[in-house]
>>> print(open('run24.pdb').read())   # PDB, C-alpha atoms and all ligand atoms
ATOM      1  CA  MET B   1     -17.715 -12.852   1.973
ATOM      2  CA  LEU B   2     -17.901  -9.117   1.538
ATOM      3  CA  LYS B   3     -18.365  -8.066  -2.068
ATOM      4  CA  PRO B   4     -16.360  -4.950  -3.026
ATOM      5  CA  GLU B   5     -19.224  -3.610  -5.155
ATOM      6  CA  ASP B   6     -21.601  -3.807  -2.184
ATOM      7  CA  PHE B   7     -19.183  -2.023   0.118
ATOM      8  CA  LEU B   8     -17.891   0.805  -2.050
ATOM      9  CA  GLN B   9     -19.683   4.138  -2.121
ATOM     10  CA  GLN B  10     -19.158   7.688  -3.314
ATOM     11  CA  GLY B  11     -16.431   9.438  -1.296
ATOM     12  CA  ASP B  12     -14.293   6.315  -1.231
ATOM     13  CA  GLY B  13     -10.761   6.047  -2.552
ATOM     14  CA  LEU B  14      -8.706   2.889  -3.017
ATOM     15  CA  LEU B  15      -4.988   2.839  -2.243
ATOM     16  CA  VAL B  16      -2.890  -0.095  -3.429
ATOM     17  CA  VAL B  17       0.374  -0.092  -1.461
ATOM     18  CA  ASP B  18       3.595  -1.359  -3.051
ATOM     19  CA  VAL B  19       2.342  -4.465  -4.895
ATOM     20  CA  GLN B  20       5.726  -4.680  -6.597
ATOM     21  CA  VAL B  21       7.829  -7.491  -8.024
ATOM     22  CA  ASP B  22      10.515  -7.244  -5.309
ATOM     23  CA  PHE B  23       7.924  -7.761  -2.539
ATOM     24  CA  CYS B  24       6.553 -10.938  -4.118
ATOM     25  CA  PRO B  25       8.080 -14.436  -4.079
ATOM     26  CA  GLY B  26      11.184 -14.423  -6.266
ATOM     27  CA  GLY B  27      11.832 -10.728  -5.611
ATOM     28  CA  ALA B  28      14.621  -9.056  -3.660
ATOM     29  CA  LEU B  29      12.585  -8.630  -0.460
ATOM     30  CA  PRO B  30       9.886 -11.275  -0.783
ATOM     31  CA  ILE B  31       6.924 -11.164   1.557
ATOM     32  CA  PRO B  32       5.440 -14.642   2.116
ATOM     33  CA  ASP B  33       2.533 -15.109  -0.301
ATOM     34  CA  GLY B  34       2.885 -11.474  -1.337
ATOM     35  CA  ASP B  35       1.543 -12.331  -4.778
ATOM     36  CA  LYS B  36      -1.642 -13.783  -3.257
ATOM     37  CA  VAL B  37      -2.939 -10.259  -2.700
ATOM     38  CA  VAL B  38      -3.133  -9.634  -6.437
ATOM     39  CA  PRO B  39      -6.507 -11.295  -7.244
ATOM     40  CA  VAL B  40      -8.055  -9.796  -4.108
ATOM     41  CA  VAL B  41      -6.798  -6.313  -4.890
ATOM     42  CA  ASN B  42      -7.848  -6.697  -8.524
ATOM     43  CA  ALA B  43     -11.449  -7.354  -7.462
ATOM     44  CA  TRP B  44     -11.453  -4.128  -5.436
ATOM     45  CA  ILE B  45      -9.852  -2.208  -8.305
ATOM     46  CA  GLU B  46     -12.476  -3.506 -10.724
ATOM     47  CA  ALA B  47     -15.310  -2.521  -8.387
ATOM     48  CA  ALA B  48     -13.798   0.928  -7.720
ATOM     49  CA  LEU B  49     -13.407   1.458 -11.451
ATOM     50  CA  ASN B  50     -17.040   0.489 -12.064
ATOM     51  CA  LYS B  51     -18.141   3.067  -9.501
ATOM     52  CA  ASN B  52     -15.837   5.714 -10.889
ATOM     53  CA  LEU B  53     -13.914   5.995  -7.613
ATOM     54  CA  PRO B  54     -10.313   7.220  -7.493
ATOM     55  CA  ILE B  55      -7.606   4.554  -7.374
ATOM     56  CA  TYR B  56      -4.066   5.237  -6.189
ATOM     57  CA  TYR B  57      -1.000   3.037  -6.465
ATOM     58  CA  SER B  58       2.102   3.596  -4.381
ATOM     59  CA  LEU B  59       5.571   2.509  -5.370
ATOM     60  CA  ASP B  60       8.527   1.972  -3.119
ATOM     61  CA  TRP B  61      10.964   3.745  -5.408
ATOM     62  CA  HIS B  62      14.468   3.906  -4.040
ATOM     63  CA  PRO B  63      17.532   5.517  -5.528
ATOM     64  CA  GLU B  64      20.596   3.291  -5.611
ATOM     65  CA  GLY B  65      22.409   3.265  -2.259
ATOM     66  CA  HIS B  66      19.241   4.205  -0.352
ATOM     67  CA  PRO B  67      19.674   4.508   3.451
ATOM     68  CA  SER B  68      17.129   1.688   4.043
ATOM     69  CA  PHE B  69      19.479  -0.798   2.347
ATOM     70  CA  LYS B  70      21.727  -3.036   4.445
ATOM     71  CA  SER B  71      24.480  -2.210   1.993
ATOM     72  CA  ASN B  72      24.151   1.374   3.220
ATOM     73  CA  GLY B  73      23.542   0.797   6.947
ATOM     74  CA  GLY B  74      19.785   0.137   6.807
ATOM     75  CA  ASP B  75      17.559  -2.835   7.648
ATOM     76  CA  TRP B  76      16.586  -4.285   4.277
ATOM     77  CA  PRO B  77      18.254  -5.904   1.297
ATOM     78  CA  ASP B  78      18.460  -3.664  -1.758
ATOM     79  CA  HIS B  79      14.939  -3.547  -3.200
ATOM     80  CA  CYS B  80      12.682  -1.556  -5.501
ATOM     81  CA  VAL B  81      15.563   0.337  -7.049
ATOM     82  CA  GLN B  82      14.196   2.968  -9.421
ATOM     83  CA  ASN B  83      13.608   1.783 -12.983
ATOM     84  CA  THR B  84      14.636  -1.812 -12.307
ATOM     85  CA  PRO B  85      12.311  -4.780 -13.021
ATOM     86  CA  GLY B  86      11.992  -5.390  -9.269
ATOM     87  CA  ALA B  87      10.409  -1.986  -8.765
ATOM     88  CA  ALA B  88       7.648  -2.656 -11.298
ATOM     89  CA  LEU B  89       4.097  -3.329 -10.188
ATOM     90  CA  HIS B  90       3.236  -7.046 -10.223
ATOM     91  CA  ALA B  91       2.543  -8.107 -13.798
ATOM     92  CA  ASP B  92      -0.927  -9.451 -12.969
ATOM     93  CA  LEU B  93      -2.049  -6.381 -11.033
ATOM     94  CA  ARG B  94      -4.870  -4.513 -12.750
ATOM     95  CA  ILE B  95      -3.491  -1.107 -13.651
ATOM     96  CA  VAL B  96      -6.073   1.560 -14.341
ATOM     97  CA  PRO B  97      -4.508   4.003 -16.812
ATOM     98  CA  GLN B  98      -6.080   7.178 -15.419
ATOM     99  CA  SER B  99      -5.106   6.393 -11.833
ATOM    100  CA  VAL B 100      -2.492   8.161  -9.736
ATOM    101  CA  VAL B 101       0.914   6.749  -8.799
ATOM    102  CA  ILE B 102       2.673   7.949  -5.654
ATOM    103  CA  THR B 103       6.376   7.261  -5.291
ATOM    104  CA  LYS B 104       7.961   7.085  -1.863
ATOM    105  CA  GLY B 105      11.315   6.136  -0.441
ATOM    106  CA  VAL B 106      12.903   8.592  -2.833
ATOM    107  CA  ARG B 107      14.731  10.635  -0.203
ATOM    108  CA  PHE B 108      18.477  10.265   0.129
ATOM    109  CA  ASP B 109      18.537  10.930   3.876
ATOM    110  CA  GLN B 110      15.735   8.748   5.283
ATOM    111  CA  ASP B 111      13.134   6.130   4.399
ATOM    112  CA  GLN B 112       9.453   6.930   3.861
ATOM    113  CA  LEU B 113       7.334   3.949   4.889
ATOM    114  CA  SER B 114       4.048   5.819   4.809
ATOM    115  CA  VAL B 115       2.439   6.892   1.547
ATOM    116  CA  PHE B 116       1.497  10.103   3.406
ATOM    117  CA  HIS B 117       5.074  10.919   4.461
ATOM    118  CA  GLU B 118       5.906  14.211   2.738
ATOM    119  CA  THR B 119       4.184  13.217  -0.486
ATOM    120  CA  GLY B 120       1.187  15.554  -0.369
ATOM    121  CA  PHE B 121      -1.105  12.539  -0.567
ATOM    122  CA  ALA B 122      -3.527  13.854   2.078
ATOM    123  CA  GLU B 123      -4.022  17.026   0.015
ATOM    124  CA  LYS B 124      -4.614  14.964  -3.097
ATOM    125  CA  LEU B 125      -7.255  12.863  -1.324
ATOM    126  CA  ARG B 126      -9.023  16.012  -0.141
ATOM    127  CA  GLN B 127      -8.950  17.463  -3.642
ATOM    128  CA  ASP B 128     -10.519  14.247  -4.912
ATOM    129  CA  GLY B 129     -13.249  14.383  -2.262
ATOM    130  CA  VAL B 130     -12.137  11.191  -0.559
ATOM    131  CA  LYS B 131     -13.600  10.676   2.921
ATOM    132  CA  ARG B 132     -13.119   6.957   3.331
ATOM    133  CA  LEU B 133      -9.801   5.469   2.287
ATOM    134  CA  LEU B 134      -9.546   1.742   1.603
ATOM    135  CA  VAL B 135      -6.043   0.320   1.761
ATOM    136  CA  ALA B 136      -4.537  -2.973   0.638
ATOM    137  CA  GLY B 137      -1.064  -4.164  -0.310
ATOM    138  CA  LEU B 138       2.392  -4.926   1.053
ATOM    139  CA  ALA B 139       3.588  -5.262   3.659
ATOM    140  CA  LEU B 140       0.816  -5.225   6.245
ATOM    141  CA  ASP B 141       3.217  -4.704   9.160
ATOM    142  CA  VAL B 142       5.475  -2.121   7.518
ATOM    143  CA  CYS B 143       4.286   0.286   4.834
ATOM    144  CA  VAL B 144       0.562  -0.515   5.074
ATOM    145  CA  LEU B 145       0.736  -0.023   8.851
ATOM    146  CA  ALA B 146       2.578   3.293   8.629
ATOM    147  CA  THR B 147       0.236   4.492   5.896
ATOM    148  CA  VAL B 148      -3.063   3.709   7.611
ATOM    149  CA  LEU B 149      -1.932   5.253  10.904
ATOM    150  CA  ASP B 150      -1.021   8.434   9.031
ATOM    151  CA  GLY B 151      -4.348   8.259   7.202
ATOM    152  CA  VAL B 152      -6.239   8.361  10.486
ATOM    153  CA  LYS B 153      -4.030  11.208  11.761
ATOM    154  CA  SER B 154      -4.798  13.089   8.561
ATOM    155  CA  GLY B 155      -8.509  12.868   9.323
ATOM    156  CA  PHE B 156      -9.658  10.115   6.970
ATOM    157  CA  GLU B 157     -11.858   7.157   7.790
ATOM    158  CA  VAL B 158      -9.450   4.347   6.982
ATOM    159  CA  TRP B 159     -10.344   0.768   6.154
ATOM    160  CA  VAL B 160      -7.759  -1.977   5.713
ATOM    161  CA  LEU B 161      -8.663  -4.852   3.415
ATOM    162  CA  ALA B 162      -6.905  -7.555   5.419
ATOM    163  CA  ASP B 163      -7.285 -10.240   2.776
ATOM    164  CA  GLY B 164      -5.546  -7.958   0.303
ATOM    165  CA  CYS B 165      -2.491  -7.542   2.556
ATOM    166  CA  ARG B 166       0.336  -9.818   3.697
ATOM    167  CA  PRO B 167       2.843  -9.206   6.521
ATOM    168  CA  VAL B 168       6.603  -9.754   6.586
ATOM    169  CA  THR B 169       6.006 -12.019   9.602
ATOM    170  CA  GLU B 170       2.791 -13.521  10.962
ATOM    171  CA  GLU B 171       3.573 -12.132  14.421
ATOM    172  CA  GLY B 172       4.198  -8.702  12.961
ATOM    173  CA  GLY B 173       0.922  -8.924  11.083
ATOM    174  CA  LYS B 174      -1.057  -9.625  14.264
ATOM    175  CA  LYS B 175       0.612  -6.761  16.086
ATOM    176  CA  ALA B 176      -0.020  -4.464  13.147
ATOM    177  CA  LEU B 177      -3.744  -5.264  13.107
ATOM    178  CA  ASP B 178      -3.916  -4.631  16.868
ATOM    179  CA  ALA B 179      -2.135  -1.304  16.503
ATOM    180  CA  MET B 180      -4.472  -0.354  13.667
ATOM    181  CA  ARG B 181      -7.606  -1.194  15.659
ATOM    182  CA  GLN B 182      -6.323   0.817  18.608
ATOM    183  CA  ALA B 183      -5.755   3.782  16.333
ATOM    184  CA  GLY B 184      -9.307   3.601  15.012
ATOM    185  CA  VAL B 185      -8.598   1.926  11.688
ATOM    186  CA  HIS B 186     -11.435  -0.304  10.474
ATOM    187  CA  ILE B 187     -10.496  -3.785   9.333
ATOM    188  CA  VAL B 188     -12.309  -5.711   6.629
ATOM    189  CA  GLU B 189     -11.430  -9.240   7.700
ATOM    190  CA  ASP B 190     -12.731 -11.482   4.935
TER
HETATM  191 ZN    ZN K 201      11.735   0.185   0.718
END
>>> encode(input="run24.pdb", output="structure tokens")
Amino acid sequence: MLKPEDFLQQGDGLLVVDVQVDFCPGGALPIPDGDKVVPVVNAWIEAALNKNLPIYYSLDWHPEGHPSFKSNGGDWPDHCVQNTPGAALHADLRIVPQSVVITKGVRFDQDQLSVFHETGFAEKLRQDGVKRLLVAGLALDVCVLATVLDGVKSGFEVWVLADGCRPVTEEGGKKALDAMRQAGVHIVED
């Protein structure tokens, strides 16, 4: 099994995508075994912290009545509503105080699945000297997928930590990994 501390190097950045209460079992939009990513992601966070590498957390952070909600014509149940307990990061996730939080899904007119979508995240990564972006979180076949594809388009070497991700559906997860490989995303499988 790949050890995070052996893999990480200077120029790396770690992005933890939407590891929030609503995406874990018991939440409003639970992803099967969503909470199982937490210990895996924590190991990567710990290793990144030890190497003084930048760590970023994204939050799905919707206003009430967001267009992605079924109640408002969208595809998903109401989830990750701003300042509600469901929008909080998972209680067991290691939160590094000096790290950066990116909120997305805040627009009133459309959803933002990708952490890069009109957030300025690519600029932030460049400012921080990040060349290789490691990504884990939820859900593999939705926001992680959109994010890593945008990461490649933005010129970063992108690595997905597959064990630190879970898909909405198994089928969707397989397709997402295929699409990622085709786009030039590297996958850490174990
Ligand atoms: Zn959402």
>>> closest_residue(input="run24.pdb", among="B:Ala183, B:Ile55, B:Leu93, B:Val130", to="Val37 in chain B", atoms="all atoms listed in the file")
B:Leu93
>>> residues_near_ligand(input="run24.pdb", ligand="ligand ZN 201 (chain K)", cutoff="8 Å", atoms="all atoms listed in the file", output="list of chain:residue names")
B:Asp60, B:Trp61, B:His62, B:Ser68, B:Phe69, B:Trp76, B:His79, B:Cys80, B:Gly105, B:Asp111, B:Gln112, B:Leu113
>>> resolve_selection(input="run24.pdb", expression="the PyMOL selection byres (((chain B and resi 142) around 12) and not hetatm)", output="PDB file with C-alpha atoms, in the frame of the given file")
ATOM      1  CA  VAL B  17       0.374  -0.092  -1.461  1.00  0.00           C
ATOM      2  CA  ASP B  18       3.595  -1.359  -3.051  1.00  0.00           C
ATOM      3  CA  PHE B  23       7.924  -7.761  -2.539  1.00  0.00           C
ATOM      4  CA  ILE B  31       6.924 -11.164   1.557  1.00  0.00           C
ATOM      5  CA  ASP B  60       8.527   1.972  -3.119  1.00  0.00           C
ATOM      6  CA  TRP B  76      16.586  -4.285   4.277  1.00  0.00           C
ATOM      7  CA  ASP B 111      13.134   6.130   4.399  1.00  0.00           C
ATOM      8  CA  GLN B 112       9.453   6.930   3.861  1.00  0.00           C
ATOM      9  CA  LEU B 113       7.334   3.949   4.889  1.00  0.00           C
ATOM     10  CA  SER B 114       4.048   5.819   4.809  1.00  0.00           C
ATOM     11  CA  VAL B 115       2.439   6.892   1.547  1.00  0.00           C
ATOM     12  CA  GLY B 137      -1.064  -4.164  -0.310  1.00  0.00           C
ATOM     13  CA  LEU B 138       2.392  -4.926   1.053  1.00  0.00           C
ATOM     14  CA  ALA B 139       3.588  -5.262   3.659  1.00  0.00           C
ATOM     15  CA  LEU B 140       0.816  -5.225   6.245  1.00  0.00           C
ATOM     16  CA  ASP B 141       3.217  -4.704   9.160  1.00  0.00           C
ATOM     17  CA  CYS B 143       4.286   0.286   4.834  1.00  0.00           C
ATOM     18  CA  VAL B 144       0.562  -0.515   5.074  1.00  0.00           C
ATOM     19  CA  LEU B 145       0.736  -0.023   8.851  1.00  0.00           C
ATOM     20  CA  ALA B 146       2.578   3.293   8.629  1.00  0.00           C
ATOM     21  CA  THR B 147       0.236   4.492   5.896  1.00  0.00           C
ATOM     22  CA  VAL B 148      -3.063   3.709   7.611  1.00  0.00           C
ATOM     23  CA  LEU B 149      -1.932   5.253  10.904  1.00  0.00           C
ATOM     24  CA  CYS B 165      -2.491  -7.542   2.556  1.00  0.00           C
ATOM     25  CA  ARG B 166       0.336  -9.818   3.697  1.00  0.00           C
ATOM     26  CA  PRO B 167       2.843  -9.206   6.521  1.00  0.00           C
ATOM     27  CA  VAL B 168       6.603  -9.754   6.586  1.00  0.00           C
ATOM     28  CA  THR B 169       6.006 -12.019   9.602  1.00  0.00           C
ATOM     29  CA  GLY B 172       4.198  -8.702  12.961  1.00  0.00           C
ATOM     30  CA  GLY B 173       0.922  -8.924  11.083  1.00  0.00           C
ATOM     31  CA  LYS B 175       0.612  -6.761  16.086  1.00  0.00           C
ATOM     32  CA  ALA B 176      -0.020  -4.464  13.147  1.00  0.00           C
ATOM     33  CA  LEU B 177      -3.744  -5.264  13.107  1.00  0.00           C
ATOM     34  CA  ALA B 179      -2.135  -1.304  16.503  1.00  0.00           C
ATOM     35  CA  MET B 180      -4.472  -0.354  13.667  1.00  0.00           C
TER      36      MET B 180
END
>>> atom_distance(input="run24.pdb", atom1="CA of Phe7 in chain B", atom2="CA of Ser58 in chain B")
22.5 Å
>>> closest_residue(input="run24.pdb", among="B:Val106, B:Ile45, B:Val81, B:Val100", to="Leu14 in chain B", atoms="only C-alpha atoms")
B:Ile45
>>> decode(input="run24.pdb", residues="range 53-175 of chain B", atoms="C-alpha atoms", output="PDB file, in the first residue's frame")
ATOM      1  CA  LEU B  53       2.288  21.279   1.874  1.00  0.00           C
ATOM      2  CA  PRO B  54      -0.845  23.346   1.248  1.00  0.00           C
ATOM      3  CA  ILE B  55      -4.169  21.698   2.076  1.00  0.00           C
ATOM      4  CA  TYR B  56      -7.486  22.884   0.662  1.00  0.00           C
ATOM      5  CA  TYR B  57     -10.994  21.895   1.679  1.00  0.00           C
ATOM      6  CA  SER B  58     -14.004  22.523  -0.517  1.00  0.00           C
ATOM      7  CA  LEU B  59     -17.534  22.894   0.744  1.00  0.00           C
ATOM      8  CA  ASP B  60     -20.715  22.445  -1.199  1.00  0.00           C
ATOM      9  CA  TRP B  61     -22.370  25.534   0.230  1.00  0.00           C
ATOM     10  CA  HIS B  62     -25.809  26.179  -1.160  1.00  0.00           C
ATOM     11  CA  PRO B  63     -28.180  29.013  -0.426  1.00  0.00           C
ATOM     12  CA  GLU B  64     -31.710  27.932   0.422  1.00  0.00           C
ATOM     13  CA  GLY B  65     -33.755  27.218  -2.713  1.00  0.00           C
ATOM     14  CA  HIS B  66     -30.635  26.472  -4.779  1.00  0.00           C
ATOM     15  CA  PRO B  67     -31.308  25.499  -8.431  1.00  0.00           C
ATOM     16  CA  SER B  68     -29.681  22.057  -7.895  1.00  0.00           C
ATOM     17  CA  PHE B  69     -32.452  21.121  -5.440  1.00  0.00           C
ATOM     18  CA  LYS B  70     -35.398  19.014  -6.601  1.00  0.00           C
ATOM     19  CA  SER B  71     -37.596  21.410  -4.676  1.00  0.00           C
ATOM     20  CA  ASN B  72     -36.425  24.063  -7.134  1.00  0.00           C
ATOM     21  CA  GLY B  73     -36.330  22.039 -10.373  1.00  0.00           C
ATOM     22  CA  GLY B  74     -32.892  20.438  -9.935  1.00  0.00           C
ATOM     23  CA  ASP B  75     -31.634  16.863  -9.579  1.00  0.00           C
ATOM     24  CA  TRP B  76     -30.789  16.508  -5.896  1.00  0.00           C
ATOM     25  CA  PRO B  77     -32.559  16.611  -2.556  1.00  0.00           C
ATOM     26  CA  ASP B  78     -31.879  19.757  -0.550  1.00  0.00           C
ATOM     27  CA  HIS B  79     -28.342  19.382   0.806  1.00  0.00           C
ATOM     28  CA  CYS B  80     -25.437  21.340   2.247  1.00  0.00           C
ATOM     29  CA  VAL B  81     -27.550  24.395   2.935  1.00  0.00           C
ATOM     30  CA  GLN B  82     -25.319  27.200   4.190  1.00  0.00           C
ATOM     31  CA  ASN B  83     -24.755  27.258   7.948  1.00  0.00           C
ATOM     32  CA  THR B  84     -26.770  24.109   8.631  1.00  0.00           C
ATOM     33  CA  PRO B  85     -25.276  21.068  10.431  1.00  0.00           C
ATOM     34  CA  GLY B  86     -25.470  19.088   7.176  1.00  0.00           C
ATOM     35  CA  ALA B  87     -23.080  21.486   5.477  1.00  0.00           C
ATOM     36  CA  ALA B  88     -20.387  21.017   8.126  1.00  0.00           C
ATOM     37  CA  LEU B  89     -17.263  19.014   7.404  1.00  0.00           C
ATOM     38  CA  HIS B  90     -17.435  15.477   8.825  1.00  0.00           C
ATOM     39  CA  ALA B  91     -16.736  15.622  12.551  1.00  0.00           C
ATOM     40  CA  ASP B  92     -13.845  13.145  12.336  1.00  0.00           C
ATOM     41  CA  LEU B  93     -12.116  14.862   9.422  1.00  0.00           C
ATOM     42  CA  ARG B  94      -8.754  16.341  10.376  1.00  0.00           C
ATOM     43  CA  ILE B  95      -9.078  20.085   9.929  1.00  0.00           C
ATOM     44  CA  VAL B  96      -5.822  21.972   9.629  1.00  0.00           C
ATOM     45  CA  PRO B  97      -6.444  25.475  10.995  1.00  0.00           C
ATOM     46  CA  GLN B  98      -4.206  27.354   8.554  1.00  0.00           C
ATOM     47  CA  SER B  99      -5.672  25.644   5.496  1.00  0.00           C
ATOM     48  CA  VAL B 100      -7.891  27.204   2.849  1.00  0.00           C
ATOM     49  CA  VAL B 101     -11.620  26.576   2.443  1.00  0.00           C
ATOM     50  CA  ILE B 102     -13.266  27.012  -0.953  1.00  0.00           C
ATOM     51  CA  THR B 103     -17.034  27.319  -1.100  1.00  0.00           C
ATOM     52  CA  LYS B 104     -18.908  26.381  -4.247  1.00  0.00           C
ATOM     53  CA  GLY B 105     -22.507  25.976  -5.274  1.00  0.00           C
ATOM     54  CA  VAL B 106     -23.154  29.469  -3.987  1.00  0.00           C
ATOM     55  CA  ARG B 107     -24.592  30.859  -7.217  1.00  0.00           C
ATOM     56  CA  PHE B 108     -28.313  31.472  -7.453  1.00  0.00           C
ATOM     57  CA  ASP B 109     -28.526  30.735 -11.180  1.00  0.00           C
ATOM     58  CA  GLN B 110     -26.553  27.495 -11.633  1.00  0.00           C
ATOM     59  CA  ASP B 111     -24.686  24.748  -9.799  1.00  0.00           C
ATOM     60  CA  GLN B 112     -20.892  24.610  -9.532  1.00  0.00           C
ATOM     61  CA  LEU B 113     -19.756  20.990  -9.349  1.00  0.00           C
ATOM     62  CA  SER B 114     -16.093  21.751  -9.909  1.00  0.00           C
ATOM     63  CA  VAL B 115     -13.970  23.419  -7.248  1.00  0.00           C
ATOM     64  CA  PHE B 116     -12.368  25.341 -10.146  1.00  0.00           C
ATOM     65  CA  HIS B 117     -15.673  26.701 -11.489  1.00  0.00           C
ATOM     66  CA  GLU B 118     -15.429  30.483 -11.120  1.00  0.00           C
ATOM     67  CA  THR B 119     -13.758  30.269  -7.727  1.00  0.00           C
ATOM     68  CA  GLY B 120     -10.265  31.457  -8.649  1.00  0.00           C
ATOM     69  CA  PHE B 121      -8.862  28.197  -7.311  1.00  0.00           C
ATOM     70  CA  ALA B 122      -6.422  27.731 -10.213  1.00  0.00           C
ATOM     71  CA  GLU B 123      -4.908  31.152  -9.460  1.00  0.00           C
ATOM     72  CA  LYS B 124      -4.617  30.268  -5.797  1.00  0.00           C
ATOM     73  CA  LEU B 125      -2.809  27.014  -6.622  1.00  0.00           C
ATOM     74  CA  ARG B 126      -0.372  28.890  -8.855  1.00  0.00           C
ATOM     75  CA  GLN B 127       0.262  31.458  -6.140  1.00  0.00           C
ATOM     76  CA  ASP B 128       1.014  28.609  -3.744  1.00  0.00           C
ATOM     77  CA  GLY B 129       3.431  27.005  -6.210  1.00  0.00           C
ATOM     78  CA  VAL B 130       1.353  23.870  -6.631  1.00  0.00           C
ATOM     79  CA  LYS B 131       2.306  21.748  -9.648  1.00  0.00           C
ATOM     80  CA  ARG B 132       0.806  18.430  -8.663  1.00  0.00           C
ATOM     81  CA  LEU B 133      -2.683  18.421  -7.200  1.00  0.00           C
ATOM     82  CA  LEU B 134      -3.869  15.425  -5.191  1.00  0.00           C
ATOM     83  CA  VAL B 135      -7.626  15.096  -4.872  1.00  0.00           C
ATOM     84  CA  ALA B 136      -9.857  12.998  -2.637  1.00  0.00           C
ATOM     85  CA  GLY B 137     -13.422  13.262  -1.376  1.00  0.00           C
ATOM     86  CA  LEU B 138     -17.063  13.075  -2.419  1.00  0.00           C
ATOM     87  CA  ALA B 139     -18.534  12.179  -4.737  1.00  0.00           C
ATOM     88  CA  LEU B 140     -16.097  10.498  -7.106  1.00  0.00           C
ATOM     89  CA  ASP B 141     -18.521  10.595 -10.047  1.00  0.00           C
ATOM     90  CA  VAL B 142     -19.842  14.121  -9.516  1.00  0.00           C
ATOM     91  CA  CYS B 143     -17.814  16.889  -7.892  1.00  0.00           C
ATOM     92  CA  VAL B 144     -14.481  15.036  -7.754  1.00  0.00           C
ATOM     93  CA  LEU B 145     -14.853  14.166 -11.448  1.00  0.00           C
ATOM     94  CA  ALA B 146     -15.706  17.716 -12.499  1.00  0.00           C
ATOM     95  CA  THR B 147     -12.893  19.100 -10.363  1.00  0.00           C
ATOM     96  CA  VAL B 148     -10.093  16.854 -11.611  1.00  0.00           C
ATOM     97  CA  LEU B 149     -11.058  17.364 -15.260  1.00  0.00           C
ATOM     98  CA  ASP B 150     -10.906  21.124 -14.712  1.00  0.00           C
ATOM     99  CA  GLY B 151      -7.600  20.683 -12.890  1.00  0.00           C
ATOM    100  CA  VAL B 152      -6.053  19.059 -15.947  1.00  0.00           C
ATOM    101  CA  LYS B 153      -7.519  21.758 -18.221  1.00  0.00           C
ATOM    102  CA  SER B 154      -5.990  24.362 -15.930  1.00  0.00           C
ATOM    103  CA  GLY B 155      -2.559  22.841 -16.493  1.00  0.00           C
ATOM    104  CA  PHE B 156      -1.987  20.912 -13.270  1.00  0.00           C
ATOM    105  CA  GLU B 157      -0.747  17.364 -12.900  1.00  0.00           C
ATOM    106  CA  VAL B 158      -3.742  15.837 -11.153  1.00  0.00           C
ATOM    107  CA  TRP B 159      -3.774  12.698  -9.045  1.00  0.00           C
ATOM    108  CA  VAL B 160      -6.952  11.148  -7.665  1.00  0.00           C
ATOM    109  CA  LEU B 161      -6.654   9.161  -4.452  1.00  0.00           C
ATOM    110  CA  ALA B 162      -9.248   6.535  -5.345  1.00  0.00           C
ATOM    111  CA  ASP B 163      -9.370   4.989  -1.889  1.00  0.00           C
ATOM    112  CA  GLY B 164     -10.202   8.399  -0.466  1.00  0.00           C
ATOM    113  CA  CYS B 165     -13.221   8.825  -2.765  1.00  0.00           C
ATOM    114  CA  ARG B 166     -16.646   7.193  -3.032  1.00  0.00           C
ATOM    115  CA  PRO B 167     -19.138   7.433  -5.925  1.00  0.00           C
ATOM    116  CA  VAL B 168     -22.896   7.987  -5.847  1.00  0.00           C
ATOM    117  CA  THR B 169     -23.204   4.721  -7.802  1.00  0.00           C
ATOM    118  CA  GLU B 170     -20.648   1.986  -8.455  1.00  0.00           C
ATOM    119  CA  GLU B 171     -21.333   2.201 -12.195  1.00  0.00           C
ATOM    120  CA  GLY B 172     -20.878   5.953 -12.117  1.00  0.00           C
ATOM    121  CA  GLY B 173     -17.628   5.502 -10.235  1.00  0.00           C
ATOM    122  CA  LYS B 174     -16.204   3.175 -12.897  1.00  0.00           C
ATOM    123  CA  LYS B 175     -17.196   5.541 -15.676  1.00  0.00           C
TER     124      LYS B 175
END
